[in-house]
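Shown next: upload-v1.txt, containing compact mmCIF, N, CA and C atoms.
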# COMPACT_ATOMS: atom_id res chain seq x y z
N THR A 1 -12.48 -8.09 8.61
CA THR A 1 -11.18 -8.46 9.17
C THR A 1 -10.45 -7.20 9.64
N ILE A 2 -9.41 -7.41 10.41
CA ILE A 2 -8.61 -6.27 10.87
C ILE A 2 -7.91 -5.60 9.69
N GLU A 3 -7.51 -6.39 8.70
CA GLU A 3 -6.86 -5.81 7.52
C GLU A 3 -7.81 -4.88 6.78
N GLU A 4 -9.06 -5.31 6.61
CA GLU A 4 -10.04 -4.46 5.93
C GLU A 4 -10.29 -3.17 6.72
N SER A 5 -10.31 -3.28 8.03
CA SER A 5 -10.50 -2.11 8.88
C SER A 5 -9.34 -1.12 8.71
N ILE A 6 -8.12 -1.62 8.68
CA ILE A 6 -6.95 -0.77 8.47
C ILE A 6 -7.04 -0.09 7.10
N GLU A 7 -7.35 -0.87 6.08
CA GLU A 7 -7.45 -0.33 4.73
C GLU A 7 -8.52 0.76 4.64
N HIS A 8 -9.68 0.49 5.23
CA HIS A 8 -10.78 1.45 5.18
C HIS A 8 -10.40 2.76 5.87
N ARG A 9 -9.79 2.63 7.03
CA ARG A 9 -9.41 3.83 7.79
C ARG A 9 -8.36 4.65 7.04
N LEU A 10 -7.34 3.99 6.51
CA LEU A 10 -6.30 4.71 5.78
C LEU A 10 -6.81 5.29 4.47
N ALA A 11 -7.71 4.59 3.80
CA ALA A 11 -8.29 5.12 2.56
C ALA A 11 -9.07 6.40 2.85
N GLY A 12 -9.80 6.43 3.95
CA GLY A 12 -10.54 7.63 4.32
C GLY A 12 -9.61 8.80 4.61
N ILE A 13 -8.50 8.53 5.28
CA ILE A 13 -7.53 9.58 5.59
C ILE A 13 -6.88 10.08 4.30
N LEU A 14 -6.50 9.16 3.43
CA LEU A 14 -5.89 9.54 2.15
C LEU A 14 -6.84 10.40 1.33
N GLN A 15 -8.09 9.99 1.26
CA GLN A 15 -9.09 10.74 0.51
C GLN A 15 -9.30 12.13 1.10
N ALA A 16 -9.37 12.23 2.42
CA ALA A 16 -9.54 13.53 3.08
C ALA A 16 -8.33 14.43 2.83
N HIS A 17 -7.15 13.85 2.87
CA HIS A 17 -5.93 14.62 2.61
C HIS A 17 -5.95 15.22 1.21
N ARG A 18 -6.32 14.40 0.23
CA ARG A 18 -6.36 14.89 -1.15
C ARG A 18 -7.50 15.88 -1.36
N GLU A 19 -8.63 15.66 -0.74
CA GLU A 19 -9.74 16.61 -0.85
C GLU A 19 -9.34 17.98 -0.31
N ALA A 20 -8.60 17.99 0.80
CA ALA A 20 -8.14 19.25 1.38
C ALA A 20 -7.22 20.00 0.41
N ALA A 21 -6.56 19.26 -0.48
CA ALA A 21 -5.68 19.86 -1.48
C ALA A 21 -6.42 20.14 -2.79
N GLY A 22 -7.74 19.89 -2.80
CA GLY A 22 -8.53 20.13 -4.00
C GLY A 22 -8.44 19.04 -5.04
N LEU A 23 -8.03 17.83 -4.64
CA LEU A 23 -7.87 16.71 -5.57
C LEU A 23 -8.87 15.61 -5.26
N SER A 24 -9.48 15.06 -6.29
CA SER A 24 -10.34 13.91 -6.08
C SER A 24 -9.47 12.65 -6.03
N THR A 25 -10.05 11.57 -5.53
CA THR A 25 -9.30 10.33 -5.36
C THR A 25 -10.11 9.17 -5.92
N ARG A 26 -9.48 8.41 -6.77
CA ARG A 26 -10.12 7.22 -7.34
C ARG A 26 -9.33 6.00 -6.87
N PHE A 27 -10.04 5.02 -6.30
CA PHE A 27 -9.40 3.79 -5.85
C PHE A 27 -9.67 2.67 -6.86
N ASP A 28 -8.67 1.84 -7.04
CA ASP A 28 -8.74 0.71 -7.95
C ASP A 28 -8.77 -0.56 -7.10
N ASP A 29 -9.96 -1.14 -6.92
CA ASP A 29 -10.11 -2.32 -6.06
C ASP A 29 -9.34 -3.53 -6.60
N HIS A 30 -9.29 -3.65 -7.92
CA HIS A 30 -8.56 -4.79 -8.51
C HIS A 30 -7.07 -4.68 -8.19
N LEU A 31 -6.51 -3.49 -8.33
CA LEU A 31 -5.10 -3.29 -8.00
C LEU A 31 -4.87 -3.58 -6.52
N SER A 32 -5.79 -3.17 -5.67
CA SER A 32 -5.65 -3.44 -4.23
C SER A 32 -5.52 -4.95 -3.97
N GLN A 33 -6.32 -5.73 -4.66
CA GLN A 33 -6.24 -7.19 -4.51
C GLN A 33 -4.88 -7.73 -4.96
N LEU A 34 -4.39 -7.20 -6.07
CA LEU A 34 -3.09 -7.66 -6.59
C LEU A 34 -1.93 -7.33 -5.66
N LEU A 35 -2.07 -6.29 -4.86
CA LEU A 35 -1.00 -5.89 -3.95
C LEU A 35 -0.74 -6.94 -2.87
N GLN A 36 -1.69 -7.83 -2.66
CA GLN A 36 -1.51 -8.89 -1.65
C GLN A 36 -0.26 -9.73 -1.97
N VAL A 37 -0.01 -9.96 -3.24
CA VAL A 37 1.17 -10.74 -3.65
C VAL A 37 2.45 -10.04 -3.18
N ALA A 38 2.50 -8.73 -3.34
CA ALA A 38 3.68 -7.97 -2.92
C ALA A 38 3.86 -8.04 -1.41
N LEU A 39 2.76 -7.97 -0.66
CA LEU A 39 2.87 -8.01 0.80
C LEU A 39 3.33 -9.37 1.30
N VAL A 40 2.90 -10.42 0.65
CA VAL A 40 3.38 -11.76 1.01
C VAL A 40 4.89 -11.82 0.79
N ASN A 41 5.35 -11.28 -0.34
CA ASN A 41 6.79 -11.26 -0.63
C ASN A 41 7.56 -10.42 0.39
N CYS A 42 7.00 -9.27 0.79
CA CYS A 42 7.66 -8.40 1.78
C CYS A 42 7.86 -9.13 3.10
N GLU A 43 6.83 -9.81 3.58
CA GLU A 43 6.95 -10.51 4.86
C GLU A 43 7.88 -11.70 4.75
N LEU A 44 7.85 -12.40 3.64
CA LEU A 44 8.77 -13.52 3.43
C LEU A 44 10.21 -13.04 3.50
N GLU A 45 10.49 -11.93 2.83
CA GLU A 45 11.85 -11.39 2.84
C GLU A 45 12.24 -10.90 4.23
N ARG A 46 11.30 -10.25 4.94
CA ARG A 46 11.59 -9.76 6.29
C ARG A 46 11.88 -10.91 7.24
N ALA A 47 11.09 -11.97 7.14
CA ALA A 47 11.20 -13.08 8.09
C ALA A 47 12.37 -14.01 7.78
N THR A 48 12.68 -14.19 6.51
CA THR A 48 13.71 -15.17 6.14
C THR A 48 14.98 -14.56 5.58
N GLY A 49 14.91 -13.29 5.16
CA GLY A 49 16.07 -12.68 4.54
C GLY A 49 16.23 -13.06 3.08
N VAL A 50 15.29 -13.85 2.57
CA VAL A 50 15.35 -14.31 1.19
C VAL A 50 14.31 -13.55 0.37
N ALA A 51 14.76 -12.93 -0.70
CA ALA A 51 13.84 -12.17 -1.56
C ALA A 51 12.82 -13.11 -2.18
N GLY A 52 11.58 -12.62 -2.29
CA GLY A 52 10.50 -13.40 -2.88
C GLY A 52 10.65 -13.53 -4.39
N SER A 53 9.70 -14.13 -4.98
CA SER A 53 9.73 -14.35 -6.43
C SER A 53 9.41 -13.06 -7.17
N SER A 54 9.57 -13.08 -8.47
CA SER A 54 9.28 -11.92 -9.31
C SER A 54 7.83 -11.94 -9.79
N THR A 55 6.99 -12.76 -9.17
CA THR A 55 5.60 -12.88 -9.59
C THR A 55 4.88 -11.54 -9.59
N PHE A 56 5.06 -10.75 -8.53
CA PHE A 56 4.37 -9.46 -8.46
C PHE A 56 4.81 -8.54 -9.60
N GLU A 57 6.09 -8.49 -9.86
CA GLU A 57 6.59 -7.64 -10.94
C GLU A 57 6.00 -8.08 -12.28
N ASP A 58 5.91 -9.38 -12.49
CA ASP A 58 5.32 -9.89 -13.73
C ASP A 58 3.85 -9.50 -13.84
N ILE A 59 3.13 -9.61 -12.74
CA ILE A 59 1.71 -9.25 -12.73
C ILE A 59 1.55 -7.77 -13.06
N MET A 60 2.38 -6.92 -12.46
CA MET A 60 2.27 -5.47 -12.67
C MET A 60 2.64 -5.08 -14.11
N ARG A 61 3.60 -5.78 -14.70
CA ARG A 61 3.94 -5.50 -16.10
C ARG A 61 2.73 -5.74 -17.01
N ARG A 62 1.96 -6.78 -16.69
CA ARG A 62 0.77 -7.07 -17.49
C ARG A 62 -0.39 -6.15 -17.14
N TYR A 63 -0.44 -5.71 -15.89
CA TYR A 63 -1.56 -4.88 -15.43
C TYR A 63 -1.45 -3.44 -15.94
N CYS A 64 -0.27 -2.87 -15.88
CA CYS A 64 -0.07 -1.47 -16.27
C CYS A 64 -0.02 -1.34 -17.78
N GLY A 65 -0.62 -0.26 -18.29
CA GLY A 65 -0.56 0.02 -19.71
C GLY A 65 0.83 0.50 -20.11
N ALA A 66 1.05 0.61 -21.40
CA ALA A 66 2.36 1.00 -21.92
C ALA A 66 2.80 2.37 -21.44
N GLU A 67 1.87 3.27 -21.21
CA GLU A 67 2.19 4.63 -20.79
C GLU A 67 2.02 4.84 -19.28
N GLU A 68 1.83 3.75 -18.54
CA GLU A 68 1.57 3.86 -17.11
C GLU A 68 2.76 3.39 -16.29
N VAL A 69 2.84 3.93 -15.09
CA VAL A 69 3.88 3.53 -14.16
C VAL A 69 3.23 3.27 -12.79
N LEU A 70 3.73 2.25 -12.11
CA LEU A 70 3.26 1.93 -10.76
C LEU A 70 4.28 2.45 -9.77
N GLN A 71 3.79 3.16 -8.76
CA GLN A 71 4.62 3.54 -7.63
C GLN A 71 3.98 2.93 -6.40
N ALA A 72 4.79 2.27 -5.59
CA ALA A 72 4.25 1.60 -4.41
C ALA A 72 5.21 1.78 -3.24
N VAL A 73 4.62 1.97 -2.06
CA VAL A 73 5.41 2.19 -0.85
C VAL A 73 4.94 1.21 0.22
N PRO A 74 5.73 0.16 0.49
CA PRO A 74 5.38 -0.75 1.59
C PRO A 74 6.00 -0.26 2.89
N VAL A 75 5.23 -0.32 3.96
CA VAL A 75 5.72 0.07 5.28
C VAL A 75 5.32 -1.03 6.26
N GLN A 76 6.25 -1.42 7.12
CA GLN A 76 5.99 -2.48 8.09
C GLN A 76 5.94 -1.89 9.49
N PHE A 77 4.93 -2.30 10.26
CA PHE A 77 4.75 -1.87 11.64
C PHE A 77 4.77 -3.11 12.54
N ASN A 78 5.15 -2.93 13.79
CA ASN A 78 5.14 -4.05 14.74
C ASN A 78 4.09 -3.87 15.82
N HIS A 79 3.02 -3.12 15.47
CA HIS A 79 1.94 -2.87 16.42
C HIS A 79 0.63 -2.69 15.64
N LEU A 80 -0.47 -2.65 16.37
CA LEU A 80 -1.79 -2.48 15.76
C LEU A 80 -2.39 -1.11 16.07
N LYS A 81 -1.56 -0.14 16.37
CA LYS A 81 -2.02 1.23 16.64
C LYS A 81 -2.20 1.96 15.31
N VAL A 82 -3.36 1.77 14.71
CA VAL A 82 -3.63 2.27 13.37
C VAL A 82 -3.47 3.79 13.30
N SER A 83 -3.76 4.49 14.38
CA SER A 83 -3.65 5.95 14.38
C SER A 83 -2.21 6.41 14.13
N GLN A 84 -1.24 5.55 14.33
CA GLN A 84 0.16 5.91 14.10
C GLN A 84 0.64 5.57 12.69
N TYR A 85 -0.18 4.88 11.91
CA TYR A 85 0.25 4.47 10.57
C TYR A 85 0.35 5.65 9.61
N TRP A 86 -0.69 6.50 9.58
CA TRP A 86 -0.70 7.58 8.60
C TRP A 86 0.48 8.55 8.78
N PRO A 87 0.80 8.99 9.99
CA PRO A 87 1.96 9.88 10.13
C PRO A 87 3.25 9.25 9.59
N MET A 88 3.43 7.97 9.81
CA MET A 88 4.63 7.29 9.29
C MET A 88 4.60 7.19 7.76
N LEU A 89 3.43 6.88 7.23
CA LEU A 89 3.30 6.79 5.77
C LEU A 89 3.50 8.15 5.11
N SER A 90 2.77 9.15 5.58
CA SER A 90 2.76 10.45 4.91
C SER A 90 4.07 11.21 5.09
N ASP A 91 4.93 10.74 5.95
CA ASP A 91 6.23 11.37 6.15
C ASP A 91 7.25 10.95 5.08
N ARG A 92 6.91 9.95 4.29
CA ARG A 92 7.84 9.45 3.27
C ARG A 92 7.73 10.28 1.99
N PRO A 93 8.85 10.67 1.42
CA PRO A 93 8.83 11.50 0.20
C PRO A 93 8.02 10.89 -0.94
N THR A 94 8.13 9.59 -1.15
CA THR A 94 7.38 8.96 -2.25
C THR A 94 5.88 9.06 -2.01
N VAL A 95 5.46 8.91 -0.76
CA VAL A 95 4.03 9.03 -0.45
C VAL A 95 3.56 10.46 -0.68
N ARG A 96 4.36 11.43 -0.29
CA ARG A 96 3.99 12.83 -0.53
C ARG A 96 3.84 13.10 -2.03
N THR A 97 4.70 12.51 -2.84
CA THR A 97 4.59 12.65 -4.29
C THR A 97 3.29 12.02 -4.79
N LEU A 98 2.97 10.84 -4.29
CA LEU A 98 1.73 10.17 -4.68
C LEU A 98 0.51 11.00 -4.28
N LEU A 99 0.54 11.58 -3.11
CA LEU A 99 -0.60 12.35 -2.62
C LEU A 99 -0.89 13.57 -3.49
N ALA A 100 0.13 14.08 -4.17
CA ALA A 100 -0.03 15.26 -5.01
C ALA A 100 -0.30 14.91 -6.47
N ALA A 101 -0.41 13.62 -6.79
CA ALA A 101 -0.60 13.19 -8.18
C ALA A 101 -1.92 13.70 -8.74
N PRO A 102 -1.93 14.05 -10.04
CA PRO A 102 -3.16 14.54 -10.67
C PRO A 102 -4.28 13.50 -10.61
N ALA A 103 -5.48 13.97 -10.28
CA ALA A 103 -6.61 13.07 -10.09
C ALA A 103 -7.02 12.35 -11.37
N ALA A 104 -6.97 13.04 -12.50
CA ALA A 104 -7.49 12.48 -13.74
C ALA A 104 -6.70 11.26 -14.22
N SER A 105 -5.41 11.22 -13.93
CA SER A 105 -4.59 10.15 -14.50
C SER A 105 -4.06 9.16 -13.46
N THR A 106 -4.58 9.21 -12.24
CA THR A 106 -4.03 8.38 -11.16
C THR A 106 -5.12 7.55 -10.48
N ALA A 107 -4.81 6.29 -10.27
CA ALA A 107 -5.68 5.40 -9.50
C ALA A 107 -4.89 4.90 -8.30
N PHE A 108 -5.47 4.97 -7.13
CA PHE A 108 -4.81 4.56 -5.89
C PHE A 108 -5.26 3.17 -5.46
N ALA A 109 -4.40 2.54 -4.66
CA ALA A 109 -4.74 1.25 -4.08
C ALA A 109 -4.05 1.15 -2.72
N LEU A 110 -4.73 0.50 -1.80
CA LEU A 110 -4.20 0.26 -0.45
C LEU A 110 -4.40 -1.20 -0.11
N ARG A 111 -3.42 -1.76 0.54
CA ARG A 111 -3.57 -3.14 1.01
C ARG A 111 -2.87 -3.26 2.35
N ALA A 112 -3.48 -3.97 3.27
CA ALA A 112 -2.87 -4.24 4.58
C ALA A 112 -2.81 -5.75 4.79
N ARG A 113 -1.79 -6.15 5.51
CA ARG A 113 -1.65 -7.57 5.85
C ARG A 113 -1.12 -7.66 7.28
N VAL A 114 -1.82 -8.41 8.11
CA VAL A 114 -1.41 -8.61 9.49
C VAL A 114 -0.96 -10.06 9.64
N VAL A 115 0.30 -10.21 10.07
CA VAL A 115 0.86 -11.55 10.26
C VAL A 115 1.11 -11.75 11.75
N PRO A 116 0.29 -12.61 12.39
CA PRO A 116 0.48 -12.84 13.83
C PRO A 116 1.61 -13.83 14.10
N TYR A 117 2.33 -13.59 15.17
CA TYR A 117 3.40 -14.47 15.63
C TYR A 117 3.13 -14.80 17.09
N PRO A 118 3.83 -15.78 17.65
CA PRO A 118 3.62 -16.13 19.06
C PRO A 118 3.86 -14.95 20.00
N GLU A 119 3.27 -15.05 21.17
CA GLU A 119 3.42 -14.09 22.25
C GLU A 119 2.91 -12.70 21.89
N GLY A 120 1.89 -12.64 21.03
CA GLY A 120 1.25 -11.37 20.70
C GLY A 120 2.02 -10.48 19.75
N VAL A 121 3.08 -10.98 19.18
CA VAL A 121 3.87 -10.20 18.23
C VAL A 121 3.15 -10.19 16.88
N VAL A 122 3.17 -9.04 16.21
CA VAL A 122 2.56 -8.94 14.88
C VAL A 122 3.52 -8.22 13.94
N ALA A 123 3.40 -8.57 12.69
CA ALA A 123 4.02 -7.81 11.61
C ALA A 123 2.86 -7.29 10.77
N VAL A 124 2.73 -5.99 10.73
CA VAL A 124 1.65 -5.37 9.96
C VAL A 124 2.28 -4.66 8.77
N TRP A 125 1.84 -5.04 7.60
CA TRP A 125 2.32 -4.40 6.38
C TRP A 125 1.20 -3.56 5.79
N VAL A 126 1.55 -2.34 5.39
CA VAL A 126 0.63 -1.46 4.67
C VAL A 126 1.31 -1.08 3.37
N LEU A 127 0.62 -1.24 2.29
CA LEU A 127 1.17 -0.91 0.97
C LEU A 127 0.25 0.09 0.30
N LEU A 128 0.79 1.28 0.04
CA LEU A 128 0.07 2.31 -0.69
C LEU A 128 0.67 2.35 -2.09
N ALA A 129 -0.20 2.30 -3.09
CA ALA A 129 0.27 2.30 -4.47
C ALA A 129 -0.59 3.21 -5.32
N ALA A 130 -0.01 3.64 -6.42
CA ALA A 130 -0.75 4.44 -7.39
C ALA A 130 -0.25 4.09 -8.78
N VAL A 131 -1.18 4.02 -9.72
CA VAL A 131 -0.85 3.81 -11.12
C VAL A 131 -1.28 5.07 -11.86
N GLY A 132 -0.35 5.59 -12.64
CA GLY A 132 -0.66 6.80 -13.40
C GLY A 132 0.19 6.88 -14.64
N ARG A 133 -0.06 7.88 -15.43
CA ARG A 133 0.72 8.08 -16.66
C ARG A 133 2.15 8.46 -16.30
N SER A 134 3.09 7.91 -17.05
CA SER A 134 4.48 8.25 -16.82
C SER A 134 4.74 9.68 -17.26
N ALA A 135 5.69 10.30 -16.58
CA ALA A 135 5.99 11.71 -16.87
C ALA A 135 6.83 11.87 -18.12
Go through the file and emit its structure as structure tokens.
Amino acid sequence: TIEESIEHRLAGILQAHREAAGLSTRFDDHLSQLLQVALVNCELERATGVAGSSTFEDIMRRYCGAEEVLQAVPVQFNHLKVSQYWPMLSDRPTVRTLLAAPAASTAFALRARVVPYPEGVVAVWVLLAAVGRSA
């Protein structure tokens, strides 16, 4: 799917970025799947102005260990120019913090969601997340 293509491309860029900084990168596929709930909520809120349910927060409370914290950065695009996604993502302070996280205690996850609308309009959501030990 186009979502998998976006995820694969951004994961490769993220991994290359961390390798250039001397950091290894571990991806958590299960966490990536769980992020879909958050993206559905993001688009619902964007489209209707009504905040989604607390289901994602409840899931993350059960998923994360007592000493772990989840950091997640959702970004919405209105185009399918994937080459422009990484500069927008990596320009955010929270993403820069995630990119510098220690390899041993951090697991990354990426999820993309493409929502098509009439007349070729799209809402593309990309969610980068990391779970690691709290400071």
### Query
So how far away is atom C of A:Val75 from atom C of A:Thr48, in Å?
16.6 Å
### Atomic distance atom CA of A:His8 - atom CA of A:Val115, expressed in Å with one decimal
18.2 Å
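Shortest separation to A:Asn78 among A:Gly132, A:Gly12, A:Pro116, A:Gly22 occurs at residue A:Pro116, atoms counted being only C-alpha atoms.
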### Task
For stretch 103-107 of chain A, work out the shell of residues within 7 Å, counting all atoms listed in the file and skipping chain neighbours fewer than 6 positions away, then give it as number ranges by chain.
A: 23-28, 129-133
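Between atom CA of A:Arg111 and atom CA of A:Val126 there is a distance of 5.8 Å.
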Could you give me, as a PDB file with N, CA and C atoms, in the coordinates of the input, the residues that have an atom at most 8 Å away from the point (-1.7, 10.3, -1.9) in the coordinates of the file, using all atoms listed in the file?
ATOM      1  N   LEU A  14      -6.500   9.160   3.430  1.00  0.00           N
ATOM      2  CA  LEU A  14      -5.890   9.540   2.150  1.00  0.00           C
ATOM      3  C   LEU A  14      -6.840  10.400   1.330  1.00  0.00           C
ATOM      4  N   GLN A  15      -8.090   9.990   1.260  1.00  0.00           N
ATOM      5  CA  GLN A  15      -9.090  10.740   0.510  1.00  0.00           C
ATOM      6  C   GLN A  15      -9.300  12.130   1.100  1.00  0.00           C
ATOM      7  N   HIS A  17      -7.150  13.850   2.870  1.00  0.00           N
ATOM      8  CA  HIS A  17      -5.930  14.620   2.610  1.00  0.00           C
ATOM      9  C   HIS A  17      -5.950  15.220   1.210  1.00  0.00           C
ATOM     10  N   ARG A  18      -6.320  14.400   0.230  1.00  0.00           N
ATOM     11  CA  ARG A  18      -6.360  14.890  -1.150  1.00  0.00           C
ATOM     12  C   ARG A  18      -7.500  15.880  -1.360  1.00  0.00           C
ATOM     13  N   THR A  94       8.130   9.590  -1.150  1.00  0.00           N
ATOM     14  CA  THR A  94       7.380   8.960  -2.250  1.00  0.00           C
ATOM     15  C   THR A  94       5.880   9.060  -2.010  1.00  0.00           C
ATOM     16  N   VAL A  95       5.460   8.910  -0.760  1.00  0.00           N
ATOM     17  CA  VAL A  95       4.030   9.030  -0.450  1.00  0.00           C
ATOM     18  C   VAL A  95       3.560  10.460  -0.680  1.00  0.00           C
ATOM     19  N   ARG A  96       4.360  11.430  -0.290  1.00  0.00           N
ATOM     20  CA  ARG A  96       3.990  12.830  -0.530  1.00  0.00           C
ATOM     21  C   ARG A  96       3.840  13.100  -2.030  1.00  0.00           C
ATOM     22  N   THR A  97       4.700  12.510  -2.840  1.00  0.00           N
ATOM     23  CA  THR A  97       4.590  12.650  -4.290  1.00  0.00           C
ATOM     24  C   THR A  97       3.290  12.020  -4.790  1.00  0.00           C
ATOM     25  N   LEU A  98       2.970  10.840  -4.290  1.00  0.00           N
ATOM     26  CA  LEU A  98       1.730  10.170  -4.680  1.00  0.00           C
ATOM     27  C   LEU A  98       0.510  11.000  -4.280  1.00  0.00           C
ATOM     28  N   LEU A  99       0.540  11.580  -3.110  1.00  0.00           N
ATOM     29  CA  LEU A  99      -0.600  12.350  -2.620  1.00  0.00           C
ATOM     30  C   LEU A  99      -0.890  13.570  -3.490  1.00  0.00           C
ATOM     31  N   ALA A 100       0.130  14.080  -4.170  1.00  0.00           N
ATOM     32  CA  ALA A 100      -0.030  15.260  -5.010  1.00  0.00           C
ATOM     33  C   ALA A 100      -0.300  14.910  -6.470  1.00  0.00           C
ATOM     34  N   ALA A 101      -0.410  13.620  -6.790  1.00  0.00           N
ATOM     35  CA  ALA A 101      -0.600  13.190  -8.180  1.00  0.00           C
ATOM     36  C   ALA A 101      -1.920  13.700  -8.740  1.00  0.00           C
ATOM     37  N   PHE A 108      -5.470   4.970  -7.130  1.00  0.00           N
ATOM     38  CA  PHE A 108      -4.810   4.560  -5.890  1.00  0.00           C
ATOM     39  C   PHE A 108      -5.260   3.170  -5.460  1.00  0.00           C
ATOM     40  N   ALA A 129      -0.200   2.300  -3.090  1.00  0.00           N
ATOM     41  CA  ALA A 129       0.270   2.300  -4.470  1.00  0.00           C
ATOM     42  C   ALA A 129      -0.590   3.210  -5.320  1.00  0.00           C
TER      43      ALA A 129
END
### Message
Ranking A:Ala123, A:Val114, A:Leu34, A:Ala109 by minimum distance to A:Ala11 and counting all atoms listed in the file, which one comes first?
### Response
A:Ala109
#### Entry: Contact residues around A:Leu10 with only C-alpha atoms at 8 Å, ignoring same-chain residues under 3 positions, as a PyMOL selection string
chain A and resi 6-7+13-14+86+110
### Task
Return as number ranges by chain the full set of residues in stretch 3-114 of chain A whose backbone-based DSSP assignment is helix (DSSP H, G or I).
A: 3-20, 29-48, 55-63, 82-90, 93-99
### Task
Mind the document's chain letters and residue numbers, and return as a VMD selection string the residues of stretch 12-127 of chain A that DSSP labels strand (DSSP E or B).
chain A and resid 27 68 to 77 106 to 116 122 to 127
### Query
Taking (-2.3, -5.1, -4.2) in the file's coordinates, which residues come within 8 Å, counting all atoms listed in the file, written as a VMD selection string?
chain A and resid 29 to 39 109 to 112 127 129
